[in-house]
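**Q** Here you go, upload-v7.txt (compact mmCIF, C-alpha atoms):
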# COMPACT_ATOMS: atom_id res chain seq x y z
CA MET A 9 134.06 22.89 59.57
CA SER A 10 133.08 25.97 57.61
CA GLY A 11 135.63 28.43 56.30
CA GLU A 12 134.10 31.20 58.35
CA VAL A 13 134.98 29.54 61.63
CA GLN A 14 138.48 28.96 60.38
CA ARG A 15 138.96 32.63 59.45
CA HIS A 16 137.50 33.63 62.77
CA SER A 17 139.94 31.57 64.80
CA ALA A 18 142.85 32.58 62.60
CA ALA A 19 141.99 36.21 63.27
CA GLN A 20 141.72 35.51 66.96
CA LYS A 21 145.13 33.90 66.91
CA ALA A 22 146.59 36.88 65.09
CA THR A 23 145.22 39.41 67.62
CA LYS A 24 146.49 37.28 70.45
CA ALA A 25 149.93 37.27 68.88
CA LEU A 26 150.11 40.91 67.93
CA ASN A 27 148.39 42.58 70.86
CA PRO A 28 151.26 44.49 72.49
CA GLU A 29 149.19 45.66 75.47
CA ARG A 30 148.61 42.10 76.57
CA LEU A 31 152.28 41.30 76.33
CA VAL A 32 153.31 44.43 78.24
CA LEU A 33 150.75 43.64 80.91
CA SER A 34 152.05 40.08 81.30
CA LEU A 35 155.62 41.34 81.47
CA LEU A 36 154.65 43.83 84.18
CA ILE A 37 152.98 41.06 86.17
CA VAL A 38 156.11 38.91 85.83
CA LEU A 39 158.28 41.83 86.96
CA ALA A 40 156.13 42.64 89.99
CA ALA A 41 156.00 38.99 90.93
CA THR A 42 159.80 38.75 90.69
CA ALA A 43 160.26 41.75 92.99
CA THR A 44 157.82 40.40 95.58
CA TRP A 45 159.42 37.00 95.31
CA TRP A 46 162.89 38.36 95.99
CA LEU A 47 161.70 40.41 98.96
CA VAL A 48 160.06 37.41 100.62
CA TYR A 49 162.84 34.99 99.70
CA SER A 50 165.66 37.08 101.11
CA ASN A 51 163.86 37.44 104.46
CA LEU A 52 162.86 33.82 104.95
CA GLU A 53 165.62 32.87 107.34
CA ARG A 54 165.01 35.90 109.52
CA PHE A 55 161.31 35.08 109.55
CA ALA A 56 161.91 31.43 110.49
CA ASN A 57 164.20 32.39 113.36
CA TRP A 58 161.81 35.05 114.57
CA LEU A 59 158.87 32.65 114.47
CA VAL A 60 160.53 29.75 116.26
CA PHE A 61 162.80 31.48 118.76
CA GLY A 62 160.89 34.76 119.09
CA ALA A 63 157.16 34.25 118.68
CA LEU A 64 157.05 30.64 119.87
CA GLY A 65 159.68 31.38 122.49
CA MET A 66 161.64 28.14 121.98
CA GLN A 67 165.14 27.64 123.33
CA ALA A 68 168.05 27.43 120.95
CA GLY A 69 169.66 24.00 121.24
CA ASN A 70 166.32 22.31 121.85
CA ARG A 71 165.85 19.37 119.44
CA LEU A 72 162.24 20.11 118.61
CA ALA A 73 163.11 23.75 117.99
CA ALA A 74 165.92 22.76 115.64
CA SER A 75 163.53 20.54 113.68
CA ILE A 76 160.81 23.16 113.49
CA ALA A 77 163.19 25.95 112.49
CA PHE A 78 164.60 23.70 109.76
CA PHE A 79 161.14 23.01 108.38
CA VAL A 80 159.83 26.58 108.62
CA PHE A 81 162.87 27.84 106.72
CA GLU A 82 163.42 25.06 104.17
CA ALA A 83 159.85 24.33 103.10
CA PRO A 84 158.93 27.82 101.85
CA LYS A 85 162.44 28.34 100.47
CA VAL A 86 162.34 25.26 98.31
CA LEU A 87 158.75 25.86 97.21
CA MET A 88 159.65 29.41 96.14
CA LEU A 89 162.70 28.25 94.22
CA LEU A 90 160.59 25.60 92.58
CA LEU A 91 158.01 28.17 91.43
CA VAL A 92 160.62 30.28 89.70
CA VAL A 93 162.61 27.51 88.09
CA VAL A 94 159.60 25.54 86.88
CA PHE A 95 158.22 28.71 85.32
CA GLY A 96 161.54 29.37 83.58
CA VAL A 97 161.89 25.78 82.45
CA GLY A 98 158.31 25.84 81.14
CA ILE A 99 159.26 28.78 78.92
CA VAL A 100 162.52 27.20 77.76
CA ARG A 101 160.70 23.98 76.92
CA SER A 102 158.23 25.82 74.72
CA PHE A 103 161.15 26.19 72.30
CA PHE A 104 161.67 22.43 72.15
CA THR A 105 159.27 19.69 71.16
CA PRO A 106 159.96 15.96 70.85
CA GLU A 107 159.45 16.38 67.09
CA ARG A 108 162.08 19.07 66.78
CA THR A 109 164.50 17.07 68.94
CA ARG A 110 163.94 14.06 66.69
CA GLN A 111 164.74 16.12 63.61
CA LEU A 112 167.91 17.41 65.24
CA LEU A 113 169.05 13.90 66.13
CA ALA A 114 168.06 11.98 63.00
CA GLY A 115 171.06 10.69 61.09
CA ARG A 116 173.57 11.88 63.72
CA ARG A 117 176.54 9.66 64.26
CA GLN A 118 177.76 8.32 67.57
CA THR A 119 179.67 10.61 69.93
CA ALA A 120 178.40 13.97 68.62
CA GLY A 121 174.92 12.48 68.61
CA ASN A 122 175.30 11.24 72.21
CA VAL A 123 176.42 14.66 73.41
CA LEU A 124 173.59 16.46 71.63
CA ALA A 125 170.98 13.91 72.73
CA SER A 126 171.96 14.22 76.39
CA LEU A 127 171.75 18.00 76.27
CA LEU A 128 168.40 17.89 74.48
CA GLY A 129 167.18 15.38 77.07
CA VAL A 130 167.46 18.12 79.68
CA VAL A 131 165.37 20.71 77.83
CA THR A 132 162.85 18.63 75.87
CA PRO A 133 159.53 18.15 77.62
CA PHE A 134 159.34 14.49 78.52
CA CYS A 135 156.95 12.31 80.45
CA SER A 136 157.93 8.72 81.15
CA CYS A 137 154.46 7.62 80.01
CA SER A 138 155.38 8.60 76.44
CA ALA A 139 158.80 6.94 76.58
CA VAL A 140 157.62 4.14 74.28
CA PRO A 141 156.15 6.18 71.40
CA LEU A 142 159.16 8.46 71.67
CA PHE A 143 161.57 5.54 71.50
CA ILE A 144 159.86 4.11 68.41
CA GLY A 145 159.56 7.52 66.79
CA PHE A 146 163.30 8.05 67.25
CA VAL A 147 164.68 4.67 66.15
CA THR A 148 162.41 4.28 63.10
CA THR A 149 163.38 7.64 61.67
CA GLY A 150 167.13 7.32 61.71
CA VAL A 151 168.16 8.25 65.26
CA PRO A 152 170.80 5.64 66.24
CA LEU A 153 169.94 3.36 69.16
CA GLY A 154 172.79 4.60 71.37
CA VAL A 155 171.85 8.22 70.74
CA THR A 156 168.23 7.44 71.64
CA PHE A 157 169.44 5.93 74.91
CA SER A 158 171.48 9.02 75.73
CA PHE A 159 168.24 10.97 75.47
CA LEU A 160 166.25 8.44 77.51
CA ILE A 161 168.84 8.47 80.30
CA ALA A 162 169.27 12.24 80.52
CA ALA A 163 165.58 13.16 80.30
CA PRO A 164 164.38 11.73 83.63
CA MET A 165 167.66 11.95 85.56
CA ILE A 166 168.35 15.63 85.02
CA ASN A 167 165.12 17.36 85.74
CA GLU A 168 164.29 20.80 87.00
CA VAL A 169 162.88 19.62 90.31
CA ALA A 170 166.09 17.76 91.18
CA LEU A 171 168.27 20.69 90.23
CA VAL A 172 166.20 23.17 92.22
CA LEU A 173 166.33 21.05 95.33
CA LEU A 174 170.04 20.45 95.02
CA PHE A 175 170.65 24.15 94.52
CA GLY A 176 168.35 25.16 97.35
CA LEU A 177 169.57 22.64 99.89
CA PHE A 178 173.24 22.10 98.96
CA GLY A 179 174.24 25.16 96.97
CA TRP A 180 175.20 25.65 93.35
CA LYS A 181 178.32 23.49 93.45
CA VAL A 182 176.49 20.27 94.19
CA ALA A 183 173.77 21.16 91.69
CA ALA A 184 176.43 21.73 89.02
CA LEU A 185 178.17 18.47 89.94
CA TYR A 186 174.91 16.60 89.58
CA LEU A 187 174.21 18.24 86.23
CA GLY A 188 177.71 17.59 84.93
CA THR A 189 178.04 13.98 86.06
CA GLY A 190 174.44 13.20 85.04
CA LEU A 191 175.17 14.47 81.52
CA ALA A 192 178.43 12.51 81.42
CA ILE A 193 176.65 9.29 82.40
CA ALA A 194 173.96 9.82 79.75
CA MET A 195 176.54 10.53 77.05
CA ILE A 196 178.90 7.67 77.89
CA ALA A 197 176.23 5.06 78.66
CA GLY A 198 174.47 5.86 75.37
CA TRP A 199 177.77 5.70 73.53
CA VAL A 200 178.59 2.30 75.04
CA ILE A 201 175.15 0.91 74.21
CA GLY A 202 175.59 2.18 70.65
CA LYS A 203 179.02 0.53 70.31
CA LEU A 204 177.64 -2.80 71.54
CA ARG A 205 175.26 -2.89 68.52
CA LEU A 206 172.27 -4.24 70.39
CA GLU A 207 169.65 -3.55 67.72
CA ARG A 208 168.80 -7.27 67.68
CA TRP A 209 167.46 -6.94 71.21
CA VAL A 210 164.88 -4.38 70.24
CA GLU A 211 161.49 -6.06 69.72
CA GLY A 212 161.13 -6.95 66.03
CA TRP A 213 157.89 -5.08 65.44
CA VAL A 214 159.50 -1.77 66.37
CA TYR A 215 161.62 -1.58 63.23
CA ALA A 216 158.73 -3.01 61.21
CA THR A 217 156.60 -0.03 62.20
CA ALA A 218 156.27 2.35 59.30
CA PRO A 219 158.22 5.54 59.89
CA ALA A 220 156.00 8.31 61.09
CA SER A 221 154.52 10.58 58.54
CA SER A 222 155.59 14.11 59.27
CA ALA A 223 153.61 15.60 62.11
CA ALA A 224 155.77 18.69 62.02
CA SER A 225 153.51 20.34 59.48
CA THR A 226 150.88 20.84 62.15
CA GLU A 227 153.19 22.71 64.48
CA GLU A 228 152.46 26.40 64.48
CA ARG A 229 154.68 29.24 65.46
CA THR A 230 154.51 29.90 69.15
CA THR A 231 154.05 33.46 70.36
CA TRP A 232 155.60 34.95 73.48
CA GLY A 233 152.18 35.17 75.09
CA GLU A 234 151.85 31.43 74.60
CA ARG A 235 155.30 30.81 76.04
CA LEU A 236 154.39 32.70 79.23
CA THR A 237 151.22 30.64 79.43
CA ALA A 238 153.32 27.50 79.00
CA GLY A 239 155.45 28.60 81.96
CA ARG A 240 152.38 29.21 84.08
CA ASP A 241 150.85 25.87 83.11
CA ALA A 242 154.11 24.09 84.00
CA VAL A 243 154.03 25.68 87.46
CA LYS A 244 150.41 24.61 87.99
CA ASP A 245 151.06 21.10 86.75
CA ILE A 246 154.38 20.33 88.44
CA VAL A 247 153.95 22.18 91.71
CA SER A 248 150.50 20.70 92.28
CA ARG A 249 151.93 17.21 91.78
CA VAL A 250 155.16 17.63 93.69
CA TRP A 251 154.43 19.67 96.81
CA PRO A 252 153.07 16.89 99.05
CA TYR A 253 156.22 14.79 98.42
CA MET A 254 158.39 17.78 99.01
CA LEU A 255 156.75 18.71 102.31
CA ALA A 256 156.89 15.08 103.45
CA GLY A 257 160.55 14.89 102.44
CA ILE A 258 161.41 18.10 104.26
CA ALA A 259 159.49 16.96 107.34
CA VAL A 260 161.48 13.71 107.49
CA GLY A 261 164.63 15.72 106.85
CA ALA A 262 163.68 18.07 109.70
CA GLY A 263 163.24 15.11 112.03
CA ILE A 264 166.68 13.75 111.12
CA HIS A 265 168.13 17.23 111.48
CA GLY A 266 166.87 17.60 115.03
CA TYR A 267 167.00 14.10 116.46
CA VAL A 268 169.62 11.95 114.74
CA PRO A 269 172.97 12.33 116.47
CA GLU A 270 175.86 13.90 114.58
CA GLN A 271 178.15 11.48 112.80
CA LEU A 272 175.74 8.56 113.12
CA MET A 273 175.66 8.16 109.36
CA ALA A 274 179.41 8.41 109.06
CA SER A 275 179.93 4.75 109.89
CA ILE A 276 177.16 3.54 107.56
CA MET A 277 177.34 5.93 104.63
CA GLY A 278 180.67 7.61 105.21
CA LYS A 279 183.78 7.57 103.04
CA GLY A 280 185.36 4.75 105.01
CA ALA A 281 182.66 2.25 104.11
CA TRP A 282 183.66 1.16 100.57
CA TRP A 283 180.61 -1.07 100.16
CA SER A 284 178.22 1.79 100.79
CA VAL A 285 178.32 3.07 97.19
CA PRO A 286 177.26 -0.16 95.45
CA LEU A 287 174.73 -0.74 98.21
CA ALA A 288 173.27 2.73 97.68
CA VAL A 289 172.94 2.05 93.92
CA VAL A 290 171.37 -1.39 94.38
CA ILE A 291 168.86 -0.06 96.89
CA GLY A 292 168.19 3.00 94.75
CA ILE A 293 167.31 1.30 91.45
CA PRO A 294 164.03 -0.38 92.41
CA MET A 295 163.09 2.53 94.65
CA TYR A 296 160.77 4.89 92.97
CA SER A 297 160.48 8.32 94.39
CA ASN A 298 160.64 11.63 92.67
CA ALA A 299 163.40 14.09 93.39
CA ALA A 300 161.07 16.10 95.59
CA GLY A 301 160.69 13.39 98.18
CA ILE A 302 164.20 12.01 98.26
CA ILE A 303 166.47 15.05 98.22
CA PRO A 304 165.45 16.68 101.54
CA VAL A 305 166.00 13.32 103.26
CA VAL A 306 169.35 12.99 101.57
CA GLN A 307 170.36 16.45 102.71
CA ALA A 308 169.74 15.54 106.32
CA LEU A 309 171.76 12.32 105.90
CA LEU A 310 174.65 14.28 104.46
CA GLU A 311 174.56 16.60 107.40
CA LYS A 312 174.97 13.65 109.74
CA GLY A 313 178.17 12.44 108.16
CA ALA A 314 177.15 10.51 105.03
CA ALA A 315 179.65 10.96 102.18
CA LEU A 316 178.60 13.12 99.23
CA GLY A 317 179.54 10.55 96.58
CA THR A 318 177.46 7.84 98.25
CA VAL A 319 174.52 10.17 98.60
CA LEU A 320 174.83 11.38 95.00
CA ALA A 321 174.92 7.78 93.75
CA PHE A 322 171.83 6.93 95.78
CA MET A 323 169.97 9.95 94.45
CA MET A 324 170.89 9.28 90.83
CA SER A 325 169.82 5.66 90.93
CA VAL A 326 166.51 6.54 92.59
CA ILE A 327 165.70 9.33 90.13
CA GLY A 328 167.42 8.12 86.96
CA LEU A 329 166.62 4.43 86.97
CA SER A 330 163.09 3.70 87.99
CA LEU A 331 161.17 0.47 87.94
CA PRO A 332 158.02 1.88 86.29
CA GLU A 333 160.05 3.25 83.37
CA VAL A 334 161.78 -0.10 82.91
CA VAL A 335 158.41 -1.87 82.89
CA ILE A 336 157.16 0.55 80.23
CA LEU A 337 160.29 0.06 78.11
CA ARG A 338 159.92 -3.73 78.26
CA LYS A 339 157.25 -3.31 75.57
CA VAL A 340 159.92 -2.36 73.04
CA LEU A 341 163.13 -3.83 74.44
CA LYS A 342 164.03 -7.46 75.04
CA LEU A 343 165.31 -8.39 78.49
CA PRO A 344 169.05 -8.52 77.62
CA LEU A 345 168.91 -4.94 76.38
CA ILE A 346 167.06 -3.77 79.49
CA ALA A 347 169.65 -5.55 81.63
CA THR A 348 172.46 -3.91 79.65
CA PHE A 349 170.80 -0.52 80.01
CA ILE A 350 170.46 -0.85 83.79
CA GLY A 351 173.95 -2.35 84.06
CA VAL A 352 175.70 0.38 82.07
CA VAL A 353 173.90 3.25 83.77
CA GLY A 354 174.26 1.66 87.21
CA PHE A 355 177.99 1.20 86.61
CA GLY A 356 178.30 4.86 85.57
CA ILE A 357 176.56 5.95 88.77
CA LEU A 358 178.88 3.72 90.79
CA ILE A 359 181.93 5.39 89.29
CA VAL A 360 180.49 8.83 90.01
CA GLY A 361 179.91 7.82 93.62
CA TYR A 362 183.44 6.56 94.15
CA LEU A 363 184.93 9.50 92.29
CA PHE A 364 183.31 12.03 94.59
CA ASN A 365 184.16 10.09 97.70
CA ILE A 366 187.81 10.06 96.63
CA VAL A 367 188.07 13.60 95.32
CA LEU A 368 186.12 15.48 97.98
CA MET B 8 133.95 15.39 62.40
CA LYS B 9 136.12 12.62 63.76
CA ILE B 10 138.21 13.19 66.87
CA GLU B 11 140.82 10.72 68.05
CA VAL B 12 142.45 10.92 71.47
CA LEU B 13 145.87 9.23 71.34
CA GLY B 14 147.34 7.88 74.53
CA THR B 15 148.64 4.74 76.16
CA GLY B 16 146.40 5.03 79.19
CA CYS B 17 148.19 7.49 81.45
CA PRO B 18 146.05 9.75 83.67
CA LYS B 19 146.64 12.77 81.43
CA CYS B 20 145.26 10.90 78.42
CA MET B 21 142.03 10.11 80.25
CA SER B 22 141.66 13.70 81.28
CA VAL B 23 142.03 14.83 77.65
CA GLU B 24 139.31 12.43 76.57
CA GLN B 25 136.92 13.69 79.24
CA ASN B 26 137.71 17.32 78.48
CA VAL B 27 137.14 16.79 74.75
CA LYS B 28 133.69 15.40 75.48
CA LYS B 29 132.97 18.32 77.74
CA ALA B 30 134.15 20.82 75.12
CA LEU B 31 131.96 19.21 72.45
CA GLU B 32 128.99 19.34 74.77
CA GLU B 33 129.51 23.00 75.57
CA LEU B 34 129.95 23.85 71.90
CA ALA B 35 126.98 21.66 70.97
CA VAL B 36 129.07 20.09 68.20
CA GLN B 37 128.52 16.53 67.03
CA ALA B 38 131.63 14.40 66.61
CA ASP B 39 132.82 10.81 66.87
CA VAL B 40 135.30 10.59 69.72
CA GLU B 41 137.62 7.62 69.61
CA LYS B 42 140.37 6.58 72.00
CA VAL B 43 143.50 5.18 70.33
CA THR B 44 145.69 3.17 72.70
CA ASP B 45 147.62 0.98 70.25
CA ILE B 46 151.22 2.15 70.10
CA GLN B 47 151.73 1.20 66.45
CA GLN B 48 148.69 3.21 65.41
CA ILE B 49 149.90 6.16 67.46
CA ILE B 50 153.33 6.05 65.82
CA GLN B 51 151.85 5.81 62.35
CA LYS B 52 150.13 9.12 62.89
CA GLY B 53 153.53 10.69 63.52
CA VAL B 54 152.97 11.22 67.25
CA MET B 55 155.80 10.78 69.75
CA ALA B 56 154.39 12.42 72.84
CA THR B 57 151.07 11.54 74.38
CA PRO B 58 148.38 12.64 75.03
CA ALA B 59 147.75 13.83 71.49
CA LEU B 60 144.64 14.87 69.60
CA VAL B 61 143.82 14.11 65.97
CA ILE B 62 140.91 15.85 64.30
CA ASP B 63 139.83 14.54 60.89
CA GLY B 64 143.20 12.86 60.42
CA LYS B 65 145.24 15.94 61.32
CA VAL B 66 147.39 16.05 64.50
CA VAL B 67 146.43 19.24 66.34
CA PHE B 68 148.63 18.83 69.39
CA GLN B 69 150.83 16.29 71.14
CA GLY B 70 152.29 15.96 74.59
CA LYS B 71 149.87 18.42 76.14
CA ASN B 72 146.91 18.40 78.47
CA PRO B 73 144.92 21.48 77.43
CA THR B 74 142.01 23.01 79.30
CA VAL B 75 138.44 22.67 78.07
CA ASP B 76 138.58 26.22 76.68
CA GLN B 77 141.77 25.52 74.75
CA LEU B 78 140.20 22.34 73.39
CA LYS B 79 137.22 24.37 72.17
CA HIS B 80 139.61 26.48 70.10
CA PHE B 81 141.16 23.39 68.58
CA ILE B 82 137.74 21.97 67.75
CA GLN B 83 136.49 25.24 66.28
CA GLY B 84 139.70 25.70 64.32
CA ALA B 85 139.42 22.32 62.62
Could I get this structure in the form of structure tokens?
**A**
Amino acid sequence: MSGEVQRHSAAQKATKALNPERLVLSLLIVLAATATWWLVYSNLERFANWLVFGALGMQAGNRLAASIAFFVFEAPKVLMLLLVVVFGVGIVRSFFTPERTRQLLAGRRQTAGNVLASLLGVVTPFCSCSAVPLFIGFVTTGVPLGVTFSFLIAAPMINEVALVLLFGLFGWKVAALYLGTGLAIAMIAGWVIGKLRLERWVEGWVYATAPASSAASTEERTTWGERLTAGRDAVKDIVSRVWPYMLAGIAVGAGIHGYVPEQLMASIMGKGAWWSVPLAVVIGIPMYSNAAGIIPVVQALLEKGAALGTVLAFMMSVIGLSLPEVVILRKVLKLPLIATFIGVVGFGILIVGYLFNIVL
Amino acid sequence: MKIEVLGTGCPKCMSVEQNVKKALEELAVQADVEKVTDIQQIIQKGVMATPALVIDGKVVFQGKNPTVDQLKHFIQGA
């Protein structure tokens, strides 16, 4: 296109970047939104109780009332937490791109590389539909196979939606446990896969693919205005996709909360049942649900006597190991490597499950 | 002008292709729009996150699903 158009858009970009009024205005909007958010959030429980027991005049101790109160409180609470965290994560992720992550990981050795890759897996924007190009881009440009796997395990398992729900429904301790053990599994499983030297089970054409020419040159500096927009876009994108699952999950959870008798789950998913952890993992692997749908259900199970380790193991295998992702990865990995991948990660989850059942 | 939409067929990739066509229409700009679904070709362009957009051989973004207005900027900037 003509040089004039180019200058024009460059100028536009510059004004967008340098316009302080716009930035101040956006910051003010963010501030006002935060204040409103806090006001509403801190009064949710009072509102839910008032609505169910006051305005609707339901009796405390009534099963239906317990279910409704649970839903009226939890649904807006979790949605509000999700809004804030997804916005924040959207901004954080604008600092990381797959390309930058690749550059950071290229040529790293085992161990340090596994640790770094797992951490980057949490903050790098990742969609399982680009798992294959990402995998090839990594391994053909000097990122070791085991390090690549650390990234591929951490990226889907530790996601913002899961952490928000765990924090909102179980408190910060369980959220931190999930984050910590999820990272540990990604690091160790990647390290093990690296030590096993399984490069021969990667499809031959992958390594034959010419290393990518540098795409980094096209990346421009991102302004703060653009980062705020990235946060807003993340909210639009993720919340619009996730809310139906979340409401459905909370509704099922509300039903369990009100109607399932206390301690029913204790015999099936409690600490005493040693077989419940492997069973939870085996059932969880082929199940494909996002965190939004599964966690509210899991919360209700926990409340009825299921053991935390069992529940954590179930959650991790549902979220972290999913059938669609495995099918996508089959394009680049031969079956033995896929089996090893599922085996190693599944085993890690199993250990986490038992560990928490013993310790807590 | 030659525009390539890179993607393995996920819903986001289709939406980028449609939005690119819409943007071109609204700008009244002529361009060849091509969909690239072959993974090896995508990798060779240095792209690791789809959907991505390549204009005249240059990668303008990857791993995003921009609005029609944002796409207009990319097209005008090329």
**Q** Kindly extract all protein, DNA and RNA residues lying within 10 Å of the coordinates (138.9, 22.8, 72.0) given in the file, considering only C-alpha atoms, and supply them as a PyMOL selection string.
**A** chain B and resi 26-31+34+73-85
**Q** At a cut-off of 8 Å around the point (178.1, 0.9, 93.9) (file coordinates), what residues fall inside when counting only C-alpha atoms? I'd like the answer as a PDB file with C-alpha atoms, keeping the file's coordinate frame.
**A**
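That gives us point_6.pdb:
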ATOM      1  CA  TRP A 283     180.610  -1.070 100.160  1.00  0.00           C
ATOM      2  CA  SER A 284     178.220   1.790 100.790  1.00  0.00           C
ATOM      3  CA  VAL A 285     178.320   3.070  97.190  1.00  0.00           C
ATOM      4  CA  PRO A 286     177.260  -0.160  95.450  1.00  0.00           C
ATOM      5  CA  LEU A 287     174.730  -0.740  98.210  1.00  0.00           C
ATOM      6  CA  ALA A 288     173.270   2.730  97.680  1.00  0.00           C
ATOM      7  CA  VAL A 289     172.940   2.050  93.920  1.00  0.00           C
ATOM      8  CA  VAL A 290     171.370  -1.390  94.380  1.00  0.00           C
ATOM      9  CA  ALA A 321     174.920   7.780  93.750  1.00  0.00           C
ATOM     10  CA  GLY A 354     174.260   1.660  87.210  1.00  0.00           C
ATOM     11  CA  PHE A 355     177.990   1.200  86.610  1.00  0.00           C
ATOM     12  CA  ILE A 357     176.560   5.950  88.770  1.00  0.00           C
ATOM     13  CA  LEU A 358     178.880   3.720  90.790  1.00  0.00           C
ATOM     14  CA  ILE A 359     181.930   5.390  89.290  1.00  0.00           C
ATOM     15  CA  GLY A 361     179.910   7.820  93.620  1.00  0.00           C
ATOM     16  CA  TYR A 362     183.440   6.560  94.150  1.00  0.00           C
TER      17      TYR A 362
END
**Q** Residues of chain B no more than 6 Å from chain A, counting only C-alpha atoms: send them over as a JSON list (two decimals) with C-alpha atoms, in the coordinates of the input.
**A**
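Dumped to out08.json:
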[["chain", "number", "residue", "atom", "x", "y", "z"],
["B", 50, "ILE", "CA", 153.33, 6.05, 65.82],
["B", 51, "GLN", "CA", 151.85, 5.81, 62.35],
["B", 53, "GLY", "CA", 153.53, 10.69, 63.52],
["B", 55, "MET", "CA", 155.80, 10.78, 69.75],
["B", 56, "ALA", "CA", 154.39, 12.42, 72.84],
["B", 57, "THR", "CA", 151.07, 11.54, 74.38],
["B", 84, "GLY", "CA", 139.70, 25.70, 64.32]]
**Q** At a cut-off of 10 Å, using all atoms listed in the file, what residues contact Gly278 in chain A? Leave out same-chain residues fewer than 6 positions from it and give the result as a list in words.
**A**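 My reading of the contact set: Gln271, Leu272, Ser284, Val285, Leu310, Lys312, Gly313, Ala314, Ala315, Leu316, Gly317, Thr318, Val319 and Asn365 of chain A.
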**Q** Set the distance at 9 Å and use only C-alpha atoms: which residues neighbour Trp199 in chain A once local chain neighbours fewer than 4 positions away are removed? I'd like the list as an MDAnalysis selection string.
**A** chainID A and resid 118:119 121:122 154:155 157:158 194:195 203:204
**Q** Show me, as JSON, the centre and edge lengths in Å to one decimal of the axis-aligned box that covers every listed atom of range 36-44 of chain B with 8 Å on each side.
**A**
{"center_x": 137.1, "center_y": 11.6, "center_z": 69.7, "size_x": 33.2, "size_y": 32.9, "size_z": 22.1}
**Q** Please provide as a list in words all residues within 12 Å of range 33-40 of chain A, with the sequence filter that same-chain residues fewer than 3 positions apart are discarded (counting only C-alpha atoms).
**A**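 The neighbour list is Asn27, Pro28, Glu29, Arg30, Ala43, Thr44, Trp45, Trp46, Leu47, Val92, Phe95, Gly96, Trp232, Gly233, Glu234, Arg235, Leu236, Thr237, Gly239 and Arg240 of chain A.
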**Q** Do you have the CA of Thr44 in chain B-CA of Phe159 in chain A distance handy?
**A**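 Here the two named atoms are 24.0 Å from each other.
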**Q** Restricting the calculation to only C-alpha atoms, which member of A:Thr109, A:Ile258, A:Gly328, A:Lys244 is positioned closest to Asn72 in chain B?
**A**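 Counting only C-alpha atoms, the residue closest to Asn72 in chain B is A:Lys244.
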**Q** Given the choices B:Ile10, B:Met21, B:Val67, B:Ile49, which gets closest to Gln37 in chain B if the distance is worked out from only C-alpha atoms?
**A**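 Of all the options, B:Ile10 lies closest to Gln37 in chain B.
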**Q** From the set A:Ala347, A:Ala259, A:Leu341, A:Ile336, which residue has the shortest atom-to-atom contact distance to Thr15 in chain B, counting only C-alpha atoms?
**A**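 Comparing A:Ala347, A:Ala259, A:Leu341, A:Ile336 against Thr15 in chain B, the winner is A:Ile336.
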**Q** May I ask for the distance between CA of Arg101 in chain A and CA of Ile62 in chain B, given in Å to one decimal place?
**A**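 Atom-to-atom, CA of Arg101 in chain A and CA of Ile62 in chain B are spaced 24.8 Å apart.
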**Q** Between B:Glu24, B:Ile46, B:Lys19, B:Glu33, which residue has the minimum interatomic distance to Val61 in chain B, considering only C-alpha atoms?
**A** B:Glu24
**Q** Skipping near chain neighbours, those fewer than 5 positions away, what residues fall within 10 Å of Gly356 in chain A using all atoms listed in the file, listed as a list of chain:residue names?
**A**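 Once the adjacent positions are removed, what remains is A:Thr189, A:Gly190, A:Ala192, A:Ile193, A:Ala194, A:Ile196, A:Ala197, A:Ala321, A:Ile350, A:Gly351, A:Gly361.
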**Q** For a test of reading the model, state the distance in Å between CA of Val247 in chain A and CA of Leu91 in chain A, rounded to one decimal.
**A**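 These two atoms are separated by 7.2 Å.
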**Q** Which residue out of B:Val23, B:Met8, B:Ala35, B:Val40 has the minimum interatomic distance to Gly70 in chain B when all atoms listed in the file are used?
**A**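 Closest residue, counting all atoms listed in the file: B:Val23.
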